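Asks: Below are the structure tokens for one structure; questions will follow.
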Amino acid sequence: MNIIFLTLGVSIFIAIVFLAAFIWATGKGQYDDLETPSHRMLLDDYETKTENKQVKEDKDK
Amino acid sequence: MSAGNGSNTAPVEKVIYDDQIVKMFIYATIFWGAAAFLVGLLAALQLAFWPANMELPWLTFGRIRPLHTNAAIFAFAGNIIFAGMYHSTQRLLKTRNYSDFLSRLHFWGWQLIIVGALITLPLGYTMSKEYAELEWPLDIAIAVVWVVFAVNFFATIAIRRVRHLYVAIWFYIATIITVAVLHIVNSIEIPVAFLKSYPVYAGVQDALVQWWYGHNAVAFFLTTPFLGLMYYYVPKAANRPIYSYKLSIVHFWSLVFIYIWAGPHHLLNSALPDWAQTVGMVFSVMLWAPSWGGMINGLLTLRGAWHKLRTDPIIKFLAVAVTFYGMSTFEGPLLSIKSVNSLAHYTDWIIGHVHGGTLGWNGFLTFGIIYYVVPKLWNNKMWSHRLMNWHFWIGLLGILLYYISMWASGITQGLMWQAINENGQLVYPDFVETVMRIVPLYWVRFSGGALFLTGFVMLIVNVWMTIRHAPKNQKDAVAEAAPLKTDVTAIGQGHRKLEALSLVFTVLLFIAIAIGSIIEIIPTLSIYKYLPSSQKTEPYTPLQLAGRDIYIREGCYVCHSQMIRKLPFDVLRFGPPSTIAESMYDRPFQWGSKRTGPDLARVGGKYPDMWHLRHMINPRDITPNSIMPSYPWLAANKIDYHILRKKFSVMKMLGVPYNEDQVANADIIAEKQAEEIYDDLLSQDPSLTSVKDTEVIAIIAYLQSLGKRTTTEGATTSNR
């Protein structure tokens, strides 16, 4: 039976650590950049046929 | 060939994506999808038309249904998850998969496991735990292949060229970690033979662990990976950023944290302690919010692109998929409310609910992804735009027929089971009457399934023609990106920092899931706390155990529950509510999840042995309208007495109070009991000499023990 108190104690301890980490992350500005990622993922396709063009563009820069 | 440029100091590297592995998984998805739907159609036909069981052991409903569910979840959905993950992760992280070898090991390992399931399930090798039916060698194989997958995935994250982990990646991480934990915890079992084992959990513990797993198989195999896919493919197909990145973050964390607690809603009104039922119910209702967060985010991504719904079949598939996700996650919490559940549980409503999710959400999202990915991978336009549209409409009609017929069937069943007249008696005391009423709806369901499969055949033709006409000598897609700076502190603050430290992130997630799991499971491991001291349960006799394993082999649990709920109409029909004590030696538990046939928890002693014998050989001899398959082979196969000693020693090791003598003589004790039953049958019908030592004797011994092994010393105690 004592095993319950042990596991409950461990669980609650982990829960507090987890919660603290989450609050810390939020307080540190977790939601700072909420725009770029959703746009960036749209631009990541470089198909085989455009390969040469892309390399050329990079060289032009 | 690195090209330097002014704005970015790091040299740009060329990335060649491994699209071959994506193609392999796409082929596998289509191949196993066809198999899963075909087997599902057969199972649907068997319920509408029992002769479709064909009197072949390996084709009966009890063995075919687990094959269908496993194929649909782990073969069809599994392969598209892997295809989508390998495709989108490389692009989101701007890197090739860490190891081509591990990717292929993952692919072939997974396909071999599916083949293993395809062979063992029809042969009756099953754990009888839903969606976890596979026996221990395959369970170990799943764990190994999953670890290979996980190592490859996390190593790919480690070598990424984009610091920020896009929301889809988080969902993939949640999937990989949680499925591993779920699978391992639920599959802890002790082998008895090469393809036979007993779970370490018994009765209520096994029930709770199983449905903690079962519910989260839905959550982390059919929901989170597909949400990840949604967050990649919906914006891509619509060419719009997701509606709200913030919402995606909030709903991810809340979904992962809440989902893990909802399992007990599969055991409402059962013998599970009330507090655990309430926990499950409350968390299920809470799930409404994060689920709809995902649904809203997916649908509103189409804002400004709604016109594409008219012209673009991919958008049609994706939008309808997300809509079905919204409907299923509305219906789920509703069904988790105890009062609604008392009507819906054990009925076909649940089957309808599941298929709304699987056909609508998983199926249509998969089709949308295939139509999006195939032209890109093979560098060719889809062969027929019109065929995609036909697929969409025929498939949608199929789902609606399926869903609506199962609603009607489930609610009809539920209301007929509940109906009590003014004298306090059941209006439909014959269970078979409630079955007869819904058979026409089983035909509607069958036609819905047939339409869905027809649509899928169109996809196969379309994809086949697209690939056939694709240009030869395809090259893998190429991208360019600068490598990451290794200095973590330079990346920025807050969330970005958190994401950059992906390992830390993973650990946090792991902890979140562990908390939910530990608190919920561990207390029930000491069930004796809940056992009334007045109740004593006898362990199974060797012959009963042999019969029980045959009951499991034939998949009886697929249609028969062994759990009388604490509801007046259940008690009127089947007897006093089941108690925890009654199933305390049940490895695995057999509470069941659906009643196509009546509950069997108190069937012991209800009918004579001869009744059971005739009923097993041909149920229609006893109940003219029964749709149960015939099991004539049970009266032909001999009982395997030899293995009983081994089975008993494993049971003893697991804590069942057998003494040394019982273990050493298990086979002899069983033979003796079989002899008694056989003599009794023979005295009634001298022509029955052929049933001597056959499996039907064992299964009769088992059925006659149900509800009979537990005695309450109550009468005198309660008077005091």
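The way I read the labels, and the way they are meant: chains A, B, ... in the order of the structure tokens, residue 1 as the first residue of every chain, and ligand 1 as the first ligand shown, with later ones counted on from there.
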Determine, using only C-alpha atoms, which residues of range 166-267 of chain B have any atom at most 10 Å from an atom of range 320-334 of chain B, and tabulate each with its shortest atom pair and distance in Å to one decimal place, rows ordered by chain and then rising number, as a Markdown table.
Replies:
```
| residue | atom | partner | partner_atom | distance |
| --- | --- | --- | --- | --- |
| B:Thr223 | CA | B:Tyr325 | CA | 8.7 |
| B:Leu227 | CA | B:Val322 | CA | 9.2 |
| B:Met230 | CA | B:Val322 | CA | 8.2 |
| B:Val234 | CA | B:Val322 | CA | 9.6 |
| B:Ala262 | CA | B:Pro333 | CA | 9.5 |
| B:His265 | CA | B:Pro333 | CA | 9.0 |
```
Asks: Could you dump the residues just selected with all heavy atoms as a PDB file, in the first residue's frame?
Replies:
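This is the output file selection26.pdb:
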```
ATOM      1  N   THR B 223      -4.900  10.409 -33.789  1.00  0.00           N
ATOM      2  CA  THR B 223      -5.167  11.842 -33.631  1.00  0.00           C
ATOM      3  C   THR B 223      -3.904  12.689 -33.737  1.00  0.00           C
ATOM      4  O   THR B 223      -3.754  13.443 -34.695  1.00  0.00           O
ATOM      5  CB  THR B 223      -5.892  12.115 -32.303  1.00  0.00           C
ATOM      6  OG1 THR B 223      -7.054  11.294 -32.238  1.00  0.00           O
ATOM      7  CG2 THR B 223      -6.321  13.566 -32.220  1.00  0.00           C
ATOM      8  N   LEU B 227      -2.964  15.119 -36.691  1.00  0.00           N
ATOM      9  CA  LEU B 227      -2.980  16.578 -36.500  1.00  0.00           C
ATOM     10  C   LEU B 227      -1.672  17.169 -37.016  1.00  0.00           C
ATOM     11  O   LEU B 227      -1.661  18.220 -37.657  1.00  0.00           O
ATOM     12  CB  LEU B 227      -3.184  16.924 -35.024  1.00  0.00           C
ATOM     13  CG  LEU B 227      -4.629  16.820 -34.524  1.00  0.00           C
ATOM     14  CD1 LEU B 227      -4.673  16.953 -33.003  1.00  0.00           C
ATOM     15  CD2 LEU B 227      -5.506  17.893 -35.158  1.00  0.00           C
ATOM     16  N   MET B 230      -1.983  17.271 -40.586  1.00  0.00           N
ATOM     17  CA  MET B 230      -2.888  18.363 -40.948  1.00  0.00           C
ATOM     18  C   MET B 230      -2.149  19.702 -40.944  1.00  0.00           C
ATOM     19  O   MET B 230      -2.299  20.505 -41.865  1.00  0.00           O
ATOM     20  CB  MET B 230      -4.060  18.425 -39.955  1.00  0.00           C
ATOM     21  CG  MET B 230      -5.030  19.568 -40.205  1.00  0.00           C
ATOM     22  SD  MET B 230      -6.222  19.786 -38.857  1.00  0.00           S
ATOM     23  CE  MET B 230      -5.321  20.887 -37.765  1.00  0.00           C
ATOM     24  N   VAL B 234      -2.428  20.784 -44.823  1.00  0.00           N
ATOM     25  CA  VAL B 234      -3.518  21.737 -45.102  1.00  0.00           C
ATOM     26  C   VAL B 234      -2.955  23.100 -45.535  1.00  0.00           C
ATOM     27  O   VAL B 234      -3.358  23.628 -46.576  1.00  0.00           O
ATOM     28  CB  VAL B 234      -4.511  21.844 -43.919  1.00  0.00           C
ATOM     29  CG1 VAL B 234      -5.484  22.996 -44.116  1.00  0.00           C
ATOM     30  CG2 VAL B 234      -5.269  20.530 -43.748  1.00  0.00           C
ATOM     31  N   ALA B 262      -8.263  10.140 -20.093  1.00  0.00           N
ATOM     32  CA  ALA B 262      -9.658   9.929 -20.476  1.00  0.00           C
ATOM     33  C   ALA B 262     -10.046   8.460 -20.657  1.00  0.00           C
ATOM     34  O   ALA B 262     -11.216   8.146 -20.839  1.00  0.00           O
ATOM     35  CB  ALA B 262      -9.966  10.698 -21.757  1.00  0.00           C
ATOM     36  N   HIS B 265     -13.361   6.269 -19.656  1.00  0.00           N
ATOM     37  CA  HIS B 265     -14.709   6.471 -20.208  1.00  0.00           C
ATOM     38  C   HIS B 265     -15.162   5.252 -21.025  1.00  0.00           C
ATOM     39  O   HIS B 265     -16.315   5.165 -21.408  1.00  0.00           O
ATOM     40  CB  HIS B 265     -14.819   7.779 -21.006  1.00  0.00           C
ATOM     41  CG  HIS B 265     -14.073   7.811 -22.307  1.00  0.00           C
ATOM     42  ND1 HIS B 265     -13.496   8.957 -22.795  1.00  0.00           N
ATOM     43  CD2 HIS B 265     -13.814   6.864 -23.239  1.00  0.00           C
ATOM     44  CE1 HIS B 265     -12.918   8.694 -23.946  1.00  0.00           C
ATOM     45  NE2 HIS B 265     -13.098   7.429 -24.248  1.00  0.00           N
TER      46      HIS B 265
END
```
Asks: Counting only C-alpha atoms, what is within 8 Å of Leu42 in chain A, bar same-chain residues fewer than 6 positions away, as a ChimeraX atom specification?
Replies: /B:235-236,239-241
Asks: Pull the alpha helix (DSSP H) assignments for range 124-369 of chain B out of DSSP run on the backbone, and list those residues as a ChimeraX atom specification.
Replies: /B:136-158,167-186,203-221,224-238,245-259,274-286,288-300,308-311,313-335,338-344,348-355,364-369
